[in-house]
file input.cif (mmCIF, C-alpha atoms)
data_input
loop_
_atom_site.label_atom_id
_atom_site.label_comp_id
_atom_site.auth_asym_id
_atom_site.auth_seq_id
_atom_site.Cartn_x
_atom_site.Cartn_y
_atom_site.Cartn_z
CA MET I 1 31.60 4.98 -11.14
CA ARG I 2 32.92 4.61 -7.66
CA GLY I 3 32.50 0.86 -7.78
CA GLN I 4 34.40 0.59 -11.07
CA THR I 5 37.34 2.58 -9.78
CA ASN I 6 37.47 0.46 -6.70
CA LEU I 7 37.51 -2.72 -8.78
CA PHE I 8 40.33 -1.43 -10.96
CA ALA I 9 42.38 -0.45 -7.93
CA LEU I 10 41.67 -3.84 -6.37
CA VAL I 11 42.83 -5.67 -9.50
CA VAL I 12 46.04 -3.62 -9.66
CA ALA I 13 46.64 -4.23 -5.97
CA LEU I 14 46.08 -7.97 -6.32
CA VAL I 15 48.40 -8.21 -9.35
CA LEU I 16 51.11 -6.28 -7.54
CA LEU I 17 50.74 -8.35 -4.41
CA THR I 18 50.76 -11.66 -6.28
CA GLY I 19 53.78 -10.60 -8.32
CA ALA I 20 55.65 -9.52 -5.23
CA THR I 21 54.77 -12.76 -3.46
CA VAL I 22 55.94 -14.92 -6.36
CA VAL I 23 59.20 -13.01 -6.80
CA GLY I 24 59.85 -12.87 -3.06
CA VAL I 25 59.15 -16.52 -2.42
CA SER I 26 61.22 -17.65 -5.40
CA LEU I 27 64.13 -15.49 -4.21
CA ALA I 28 63.85 -16.87 -0.71
CA ASP I 29 63.57 -20.41 -2.03
CA GLY I 30 66.67 -19.93 -4.13
CA ALA I 31 68.54 -18.61 -1.13
CA LEU I 32 67.39 -21.50 1.05
CA ALA I 33 68.31 -24.10 -1.57
CA GLY I 34 71.75 -22.54 -2.01
CA ALA I 35 72.37 -22.28 1.70
CA ASP I 36 71.09 -25.71 2.55
CA ARG I 37 73.48 -27.91 0.62
CA GLU I 38 76.85 -26.47 1.48
CA PRO I 39 76.72 -26.67 5.27
CA VAL I 40 76.05 -30.40 4.98
CA GLU I 41 79.19 -30.90 2.92
CA ARG I 42 81.19 -28.49 5.06
CA HIS I 43 80.19 -30.12 8.30
CA ALA I 44 80.65 -33.62 6.92
CA ALA I 45 84.14 -32.81 5.63
CA ALA I 46 85.20 -31.03 8.84
CA ALA I 47 83.77 -33.75 11.07
CA THR I 48 85.40 -36.53 9.02
CA ALA I 49 88.78 -34.81 9.17
CA ASP I 50 88.39 -34.20 12.92
CA ARG I 51 87.45 -37.81 13.46
CA LEU I 52 90.38 -39.19 11.43
CA ILE I 53 93.08 -37.23 13.23
CA ALA I 54 91.67 -37.20 16.75
CA ALA I 55 93.89 -38.59 19.50
CA ASP I 56 91.60 -41.61 19.96
CA SER I 57 91.17 -42.36 16.26
CA PRO I 58 92.26 -45.85 15.20
CA LEU I 59 94.52 -44.22 12.61
CA THR I 60 96.57 -42.09 14.96
CA VAL I 61 99.25 -42.63 17.54
CA ARG I 62 98.37 -39.32 19.15
CA ALA I 63 96.49 -36.26 17.97
CA ASN I 64 97.52 -35.22 14.42
CA THR I 65 100.06 -38.03 14.14
CA LEU I 66 98.96 -40.75 11.76
CA ASN I 67 100.39 -44.23 11.73
CA ALA I 68 101.51 -45.00 8.17
CA SER I 69 100.58 -48.69 8.19
CA ARG I 70 97.14 -48.04 9.63
CA VAL I 71 96.54 -45.33 7.04
CA ALA I 72 97.57 -47.77 4.31
CA ALA I 73 95.02 -50.28 5.67
CA LEU I 74 92.19 -47.76 5.47
CA ASN I 75 89.47 -48.57 2.94
CA ALA I 76 86.04 -47.26 2.07
CA SER I 77 84.07 -49.42 4.49
CA ARG I 78 86.47 -48.65 7.37
CA LEU I 79 86.11 -44.96 6.57
CA HIS I 80 82.36 -45.39 6.66
CA GLU I 81 82.57 -46.94 10.15
CA LEU I 82 84.96 -44.25 11.37
CA ALA I 83 83.06 -41.28 10.02
CA PRO I 84 79.42 -42.18 9.42
CA VAL I 85 78.64 -38.49 8.96
CA ALA I 86 80.06 -38.63 5.44
CA ARG I 87 77.84 -41.50 4.33
CA THR I 88 75.51 -39.24 2.37
CA GLY I 89 77.93 -38.26 -0.37
CA ASP I 90 81.08 -39.03 -2.25
CA VAL I 91 84.20 -38.80 -0.11
CA ARG I 92 87.89 -38.59 -0.87
CA VAL I 93 90.67 -38.62 1.71
CA ALA I 94 94.09 -37.66 0.40
CA LEU I 95 97.55 -37.02 1.83
CA ASP I 96 99.49 -34.33 -0.02
CA GLY I 97 97.19 -34.77 -3.01
CA ARG I 98 97.67 -38.55 -3.25
CA PRO I 99 94.30 -40.25 -2.66
CA VAL I 100 94.22 -42.62 0.29
CA VAL I 101 90.58 -43.63 0.16
CA GLU I 102 87.87 -42.73 -2.28
CA ARG I 103 84.20 -43.56 -2.15
CA GLY I 104 82.36 -42.51 -5.24
CA ALA I 105 83.96 -39.78 -7.32
CA PRO I 106 83.60 -36.38 -5.70
CA GLY I 107 83.67 -33.74 -8.40
CA GLY I 108 83.25 -30.48 -6.53
CA GLY I 109 82.05 -30.39 -2.97
CA TRP I 110 83.84 -28.96 0.00
CA THR I 111 87.44 -29.66 0.93
CA VAL I 112 88.97 -29.38 4.37
CA ARG I 113 92.74 -29.27 4.82
CA ARG I 114 94.50 -30.29 8.00
CA SER I 115 98.17 -30.42 8.96
CA VAL I 116 99.29 -33.85 10.11
CA VAL I 117 102.46 -35.86 10.39
CA VAL I 118 102.69 -39.44 9.23
CA ARG I 119 104.86 -41.72 11.33
CA SER I 120 106.36 -44.74 9.70
CA ARG I 121 108.68 -47.23 11.30
CA ALA I 122 111.81 -48.19 9.41
CA GLU I 123 113.42 -51.61 9.39
CA PRO I 124 114.34 -52.87 12.85
CA ARG I 125 117.88 -52.16 13.93
CA SER I 126 119.71 -54.36 16.41
CA ILE I 127 122.62 -53.51 18.65
CA ARG I 128 124.55 -56.39 20.19
CA VAL I 129 126.67 -55.81 23.21
CA ASN I 130 129.01 -58.07 25.06
CA LEU I 131 128.47 -57.23 28.71
CA SER I 132 132.03 -58.04 29.70
CA THR I 133 133.27 -55.08 27.67
CA GLN I 134 130.37 -52.67 27.64
CA SER I 135 127.23 -52.24 29.72
CA THR I 136 125.47 -49.35 28.00
CA VAL I 137 123.59 -48.93 24.73
CA SER I 138 122.45 -45.62 23.25
CA VAL I 139 119.09 -45.31 21.52
CA PRO I 140 118.39 -42.13 19.55
CA GLN I 141 115.68 -39.56 20.23
CA GLY I 142 112.20 -40.33 18.96
CA VAL I 143 112.18 -44.06 19.70
CA ASP I 144 109.39 -44.91 22.09
CA ARG I 145 110.01 -48.60 22.64
CA ALA I 146 112.74 -51.16 22.32
CA THR I 147 113.01 -54.92 22.73
CA LEU I 148 115.77 -56.16 25.00
CA THR I 149 117.14 -59.68 24.99
CA LEU I 150 119.37 -60.50 27.92
CA ALA I 151 121.44 -63.65 28.21
CA SER I 152 123.64 -63.83 31.26
CA GLY I 153 126.90 -65.68 31.13
CA PRO I 154 128.15 -68.14 33.77
CA ASN I 155 128.46 -66.86 37.35
CA THR I 156 126.54 -63.71 36.54
CA THR I 157 123.17 -62.51 37.72
CA LEU I 158 121.79 -59.51 35.88
CA ARG I 159 119.25 -57.86 38.16
CA SER I 160 118.07 -54.71 36.49
CA VAL I 161 118.16 -52.56 33.37
CA ARG I 162 117.91 -48.78 33.52
CA ALA I 163 116.87 -46.35 30.82
CA ASN I 164 118.32 -42.91 31.66
CA ASP I 165 118.59 -44.01 35.32
CA ARG I 166 114.96 -45.14 35.42
CA VAL I 167 114.61 -48.84 36.20
CA VAL I 168 112.70 -50.48 33.37
CA LEU I 169 113.42 -54.16 34.09
CA HIS I 170 114.16 -55.75 37.42
CA ASP I 171 114.25 -59.27 38.79
CA ASP I 172 116.17 -60.29 41.90
CA GLY I 173 116.33 -63.84 40.62
CA GLY I 174 118.19 -62.72 37.52
CA LEU I 175 117.06 -61.42 34.17
CA ASP I 176 117.42 -63.92 31.39
CA THR I 177 114.67 -62.85 29.16
CA THR I 178 113.30 -60.93 26.22
CA ALA I 179 111.16 -57.94 27.07
CA THR I 180 109.83 -54.81 25.44
CA VAL I 181 110.39 -51.58 27.35
CA HIS I 182 108.87 -48.18 26.80
CA LEU I 183 111.24 -45.27 26.41
CA ASP I 184 110.87 -41.51 26.53
CA ARG I 185 110.73 -40.40 22.90
CA TYR I 186 111.61 -36.82 23.82
CA GLU I 187 115.25 -37.55 24.45
CA PRO I 188 118.01 -39.97 23.50
CA THR I 189 118.05 -42.92 25.85
CA THR I 190 120.98 -44.69 27.40
CA LEU I 191 120.17 -48.24 28.40
CA ARG I 192 122.42 -49.51 31.17
CA VAL I 193 122.61 -53.03 32.52
CA ASP I 194 123.45 -53.16 36.21
CA ALA I 195 126.22 -55.69 36.05
CA GLY I 196 129.17 -56.17 38.34
CA ALA I 197 132.76 -55.71 37.30
CA ASN I 198 133.26 -59.29 36.16
CA ALA I 199 129.86 -59.84 34.59
CA THR I 200 129.58 -61.75 31.37
CA GLY I 201 126.68 -62.12 29.03
CA ARG I 202 125.02 -60.63 26.03
CA LEU I 203 122.51 -57.86 25.48
CA VAL I 204 120.65 -57.36 22.22
CA VAL I 205 118.61 -54.19 21.83
CA THR I 206 116.22 -54.05 18.89
CA TYR I 207 114.33 -50.91 17.97
CA ARG I 208 112.68 -49.48 14.89
CA PRO I 209 113.81 -45.95 14.08
CA GLN I 210 110.91 -43.72 13.19
CA ARG I 211 110.41 -41.49 10.24
CA VAL I 212 108.04 -38.59 10.58
CA ASP I 213 106.81 -36.80 7.45
CA ASP I 214 104.74 -33.66 7.27
CA ARG I 215 101.63 -34.06 5.19
CA ILE I 216 98.49 -32.12 4.41
CA LEU I 217 95.40 -34.25 4.91
CA THR I 218 92.52 -33.23 2.65
CA VAL I 219 88.99 -34.51 3.05
CA THR I 220 86.57 -33.75 0.22
CA VAL I 221 82.85 -34.40 0.60
CA ASP I 222 80.47 -33.98 -2.31
CA ALA I 223 76.93 -34.54 -1.13
CA MET D 1 36.67 11.98 -3.79
CA ARG D 2 37.75 9.72 -6.67
CA ARG D 3 41.44 10.50 -6.28
CA GLY D 4 41.30 9.92 -2.59
CA GLN D 5 39.83 6.41 -2.96
CA LEU D 6 42.35 5.33 -5.60
CA SER D 7 45.35 6.48 -3.70
CA LEU D 8 44.16 4.70 -0.57
CA SER D 9 44.03 1.39 -2.47
CA VAL D 10 47.44 1.98 -3.97
CA ILE D 11 48.83 2.71 -0.53
CA GLU D 12 47.28 -0.50 0.74
CA ALA D 13 48.82 -2.42 -2.15
CA ALA D 14 52.19 -0.80 -1.57
CA ILE D 15 52.08 -1.70 2.09
CA GLY D 16 51.13 -5.25 1.19
CA VAL D 17 53.99 -5.57 -1.32
CA LEU D 18 56.41 -4.11 1.20
CA LEU D 19 55.27 -6.64 3.79
CA VAL D 20 55.66 -9.63 1.49
CA VAL D 21 59.02 -8.48 0.14
CA GLY D 22 60.14 -7.77 3.69
CA VAL D 23 59.33 -11.30 4.85
CA ALA D 24 60.98 -12.82 1.77
CA ALA D 25 64.06 -10.64 2.24
CA GLY D 26 64.19 -11.83 5.83
CA PHE D 27 64.70 -15.38 4.55
CA THR D 28 67.28 -14.30 1.99
CA VAL D 29 69.34 -12.28 4.45
CA GLY D 30 68.89 -14.56 7.43
CA VAL D 31 69.88 -17.95 6.09
CA ALA D 32 72.70 -17.42 3.63
CA PRO D 33 75.92 -16.62 5.46
CA ALA D 34 78.80 -16.61 2.99
CA PRO D 35 81.00 -19.69 3.42
CA SER D 36 83.67 -18.47 5.78
CA ALA D 37 87.32 -19.47 5.82
CA GLU D 38 87.59 -18.93 9.54
CA PRO D 39 86.73 -22.42 10.84
CA GLN D 40 89.29 -23.90 8.42
CA LEU D 41 91.97 -21.50 9.58
CA ASP D 42 91.10 -22.17 13.22
CA SER D 43 91.60 -25.88 12.74
CA LEU D 44 94.90 -25.32 10.92
CA ALA D 45 96.07 -23.16 13.83
CA ARG D 46 95.02 -25.87 16.26
CA ASP D 47 96.84 -28.52 14.18
CA THR D 48 100.02 -26.46 14.25
CA ALA D 49 99.81 -26.02 18.00
CA THR D 50 99.12 -29.72 18.51
CA LEU D 51 102.13 -30.71 16.42
CA LEU D 52 104.40 -28.24 18.20
CA ASP D 53 103.07 -29.52 21.51
CA SER D 54 103.79 -33.17 20.81
CA GLU D 55 107.13 -33.06 19.02
CA PRO D 56 110.47 -32.81 20.78
CA VAL D 57 112.83 -30.07 19.67
CA PRO D 58 115.95 -31.38 17.91
CA GLY D 59 118.64 -32.09 20.47
CA GLY D 60 116.48 -31.21 23.46
CA SER D 61 114.05 -32.97 25.70
CA ASP D 62 111.17 -30.45 25.58
CA ALA D 63 108.29 -30.10 23.20
CA TRP D 64 108.54 -27.11 20.84
CA LEU D 65 105.93 -25.09 22.69
CA VAL D 66 107.57 -25.54 26.07
CA ALA D 67 111.03 -24.80 24.71
CA LEU D 68 109.77 -21.62 23.00
CA ALA D 69 108.15 -20.33 26.15
CA ARG D 70 110.87 -21.39 28.58
CA SER D 71 113.30 -18.51 28.34
CA SER D 72 114.51 -15.74 26.14
CA GLU D 73 117.71 -17.61 25.23
CA SER D 74 115.84 -20.79 24.44
CA PHE D 75 113.44 -18.82 22.25
CA ASP D 76 116.24 -17.06 20.36
CA ARG D 77 118.04 -20.34 19.75
CA LEU D 78 114.93 -22.07 18.39
CA ARG D 79 113.54 -19.21 16.36
CA PRO D 80 114.93 -20.15 12.90
CA ASP D 81 114.14 -23.84 13.41
CA THR D 82 110.61 -23.05 14.49
CA ARG D 83 109.97 -20.93 11.46
CA GLU D 84 111.14 -23.73 9.22
CA ARG D 85 109.23 -26.41 11.11
CA VAL D 86 105.91 -24.54 11.04
CA ALA D 87 106.31 -23.58 7.38
CA ARG D 88 106.79 -27.28 6.65
CA ALA D 89 103.68 -28.27 8.58
CA LEU D 90 101.27 -25.77 7.03
CA PRO D 91 99.99 -25.72 3.43
CA ALA D 92 102.08 -23.54 1.13
CA ASP D 93 99.45 -20.79 0.83
CA VAL D 94 99.03 -20.31 4.57
CA ALA D 95 101.13 -17.82 6.51
CA PHE D 96 101.57 -17.83 10.27
CA ARG D 97 102.68 -15.90 13.30
CA ILE D 98 103.48 -17.41 16.68
CA THR D 99 103.42 -15.16 19.71
CA THR D 100 105.32 -16.27 22.81
CA PRO D 101 106.12 -14.48 26.06
CA HIS D 102 109.61 -13.79 24.65
CA GLY D 103 108.84 -12.60 21.14
CA THR D 104 107.26 -13.65 17.89
CA VAL D 105 108.12 -15.99 15.03
CA GLY D 106 106.69 -15.75 11.54
CA TYR D 107 105.30 -13.10 9.29
CA PRO D 108 103.77 -9.74 10.21
CA ARG D 109 100.05 -10.03 10.26
CA PRO D 110 98.35 -8.05 7.47
CA PRO D 111 95.46 -5.84 8.55
CA ARG D 112 91.89 -6.82 7.65
CA THR D 113 92.53 -10.45 6.80
CA THR D 114 90.58 -13.34 8.24
CA VAL D 115 92.80 -14.95 10.83
CA GLY D 116 92.42 -18.29 12.57
CA SER D 117 94.01 -18.50 15.97
CA THR D 118 94.49 -20.71 18.98
CA THR D 119 96.16 -20.16 22.32
CA VAL D 120 97.88 -22.90 24.26
CA PRO D 121 98.87 -22.42 27.89
CA THR D 122 102.27 -23.75 28.87
CA ARG D 123 103.87 -23.67 32.28
CA HIS D 124 106.03 -20.73 31.18
CA GLY D 125 103.24 -18.65 29.65
CA PRO D 126 100.70 -18.74 26.84
CA ILE D 127 101.59 -19.28 23.19
CA THR D 128 99.31 -18.05 20.44
CA VAL D 129 99.36 -19.40 16.89
CA ARG D 130 97.74 -17.26 14.20
CA VAL D 131 97.34 -18.37 10.58
CA TRP D 132 95.88 -16.72 7.50
CA TYR D 133 95.80 -17.14 3.74
CA GLY D 134 98.78 -15.23 2.45
#
call {"tool": "encode", "arguments": {"input": "input.cif", "output": "structure tokens"}}
result
Amino acid sequence: MRGQTNLFALVVALVLLTGATVVGVSLADGALAGADREPVERHAAAATADRLIAADSPLTVRANTLNASRVAALNASRLHELAPVARTGDVRVALDGRPVVERGAPGGGWTVRRSVVVRSRAEPRSIRVNLSTQSTVSVPQGVDRATLTLASGPNTTLRSVRANDRVVLHDDGGLDTTATVHLDRYEPTTLRVDAGANATGRLVVTYRPQRVDDRILTVTVDA
Amino acid sequence: MRRGQLSLSVIEAAIGVLLVVGVAAGFTVGVAPAPSAEPQLDSLARDTATLLDSEPVPGGSDAWLVALARSSESFDRLRPDTRERVARALPADVAFRITTPHGTVGYPRPPRTTVGSTTVPTRHGPITVRVWYG
């Protein structure tokens, strides 16, 4: 009698324990499976976005400022080189909803949004100045470089060019050249040729005005 | 005698079940943090600060952040432009508040929302950018 009762209790205990183990392990497995996938996509998307807009990324001029032509040249294999972390799944990079690059066809996945600006250079603009009438040229704010072509007239030696009183070109033997100078994009620049009162010659300044557009960069990774 | 033996086994079984369920629940609770919006908001706040740090203010020679922190007058002059500039930079569903030594720009921050923030030191004082889904 005692033995039988013990056996019954043992069977009930074993059934309960097995049931609890099965339910518990399946719950835990479900939780693990659900938790495992998303961080991969999340991290891949965040890391890809970080990589694309970093200051030293090949796409950017500085942090968060993308160069329009380099973005246009981006393709799937370049993206793969830039952000190998996203190689496991389907990836889409878009600017304001317009896809830039797509590898595979991400359906769901995880999307990361970042604020960027896209800088594009407009058509070059040239300003020609006759040095006998005028020795300064104004370049608007936001231009970070300009190409100067100097041609001195007879009996004239042009020694230096200043941008906002900073000497950017100088040659004691006379400037008769084409050169690219870097300007401060934070303020409008006045280029001044140090020429005497009776100087003659020509100065051509060529620069490309910049357009800066705000965009939202979205990176979607579907692993 | 008989009752005592049965209840001991049941107690053992109950303790066993509790143990197994406890371990399984440990997995469930420990490994599944809900996907949080905070890292996303933090990077949007950082993006905003980076853009304000690298762009010149219209008609001035300072970056936005420096001009905002420089002086009370400079801050007051730039306040409407800053609001417009930041609203343009962020996605439409994200609201922001920028705290400078001379005042704040943006929307009042609702209580109990997840907020992403970043603080940038400038030579005139720190500037904090906070963003949230609004």
call {"tool": "resolve_selection", "arguments": {"input": "input.cif", "expression": "the PyMOL selection byres ((chain D and resi 89) around 10)", "output": "list in words"}}
result
Arg114, Ser115, Val116, Val117, Asp213, Asp214, Arg215 and Ile216 of chain I; Leu44, Asp47, Thr48, Leu51, Leu52, Glu84, Arg85, Val86, Ala87, Arg88, Leu90, Pro91 and Ala92 of chain D
call {"tool": "interface_residues", "arguments": {"input": "input.cif", "of": "chain I", "to": "chain D", "cutoff": "9 Å", "atoms": "all atoms listed in the file", "output": "PyMOL selection string"}}
result
chain I and resi 1-2+5-6+8-10+12-14+16-21+23-32+34-36+38-39+42+46+50+62-65+112-117+141-142+185-188+214-216
call {"tool": "atom_distance", "arguments": {"input": "input.cif", "atom1": "atom CA of D:Val66", "atom2": "atom CA of D:Gly103"}}
result
13.9 Å
call {"tool": "residues_around", "arguments": {"input": "input.cif", "residues": "I:Ala83", "least_positions_apart": "6", "cutoff": "9 Å", "atoms": "all atoms listed in the file", "output": "MDAnalysis selection string"}}
result
chainID I and resid 44 47:49 51:52
call {"tool": "axis_aligned_box", "arguments": {"input": "input.cif", "around": "stretch 55-59 of chain D", "padding_each_side": "6 Å", "output": "JSON"}}
result
{"center_x": 112.9, "center_y": -31.6, "center_z": 19.3, "size_x": 23.5, "size_y": 15.0, "size_z": 14.9}
call {"tool": "resolve_selection", "arguments": {"input": "input.cif", "expression": "the PyMOL selection byres ((chain D and resi 106) around 12)", "output": "count of residues only"}}
result
27
call {"tool": "residues_near_point", "arguments": {"input": "input.cif", "point": "(90.9, -48.1, -1.7)", "cutoff": "12 Å", "atoms": "only C-alpha atoms", "output": "list of chain:residue names"}}
result
I:Val71, I:Ala72, I:Ala73, I:Leu74, I:Asn75, I:Ala76, I:Ser77, I:Arg78, I:Leu79, I:Val91, I:Arg92, I:Val93, I:Ala94, I:Arg98, I:Pro99, I:Val100, I:Val101, I:Glu102, I:Arg103, I:Gly104
call {"tool": "residues_around", "arguments": {"input": "input.cif", "residues": "I:Asp184", "least_positions_apart": "5", "cutoff": "9 Å", "atoms": "only C-alpha atoms", "output": "ChimeraX atom specification"}}
result
/I:141-145,163,189
call {"tool": "write_last_selection", "arguments": {"input": "input.cif", "atoms": "C-alpha atoms", "output": "compact mmCIF listing (two decimals), keeping the file's coordinate frame"}}
result
# COMPACT_ATOMS: atom_id res chain seq x y z
CA GLN I 141 115.68 -39.56 20.23
CA GLY I 142 112.20 -40.33 18.96
CA VAL I 143 112.18 -44.06 19.70
CA ASP I 144 109.39 -44.91 22.09
CA ARG I 145 110.01 -48.60 22.64
CA ALA I 163 116.87 -46.35 30.82
CA THR I 189 118.05 -42.92 25.85
call {"tool": "atom_distance", "arguments": {"input": "input.cif", "atom1": "atom CA of I:Thr220", "atom2": "atom CA of I:Gly89"}}
result
9.8 Å
call {"tool": "atom_distance", "arguments": {"input": "input.cif", "atom1": "atom CA of I:Pro124", "atom2": "atom CA of I:Arg159"}}
result
26.3 Å
call {"tool": "resolve_selection", "arguments": {"input": "input.cif", "expression": "the PyMOL selection byres ((chain I and resi 126) around 8)", "output": "PyMOL selection string"}}
result
chain I and resi 124-125+127-128+204-207
call {"tool": "closest_residue", "arguments": {"input": "input.cif", "among": "D:Thr114, D:His124, D:Asp53, D:His102", "to": "D:Ser72", "atoms": "only C-alpha atoms"}}
result
D:His102
call {"tool": "residues_near_point", "arguments": {"input": "input.cif", "point": "(122.9, -44.9, 29.4)", "cutoff": "9 Å", "atoms": "only C-alpha atoms", "output": "list in words"}}
result
Ser135, Thr136, Val137, Ser138, Val139, Arg162, Ala163, Asn164, Asp165, Thr189, Thr190, Leu191, Arg192 and Val193 of chain I
call {"tool": "residues_around", "arguments": {"input": "input.cif", "residues": "I:Ser120", "least_positions_apart": "3", "cutoff": "6 Å", "atoms": "only C-alpha atoms", "output": "list in words"}}
result
Ala68, Gln210 and Arg211 of chain I
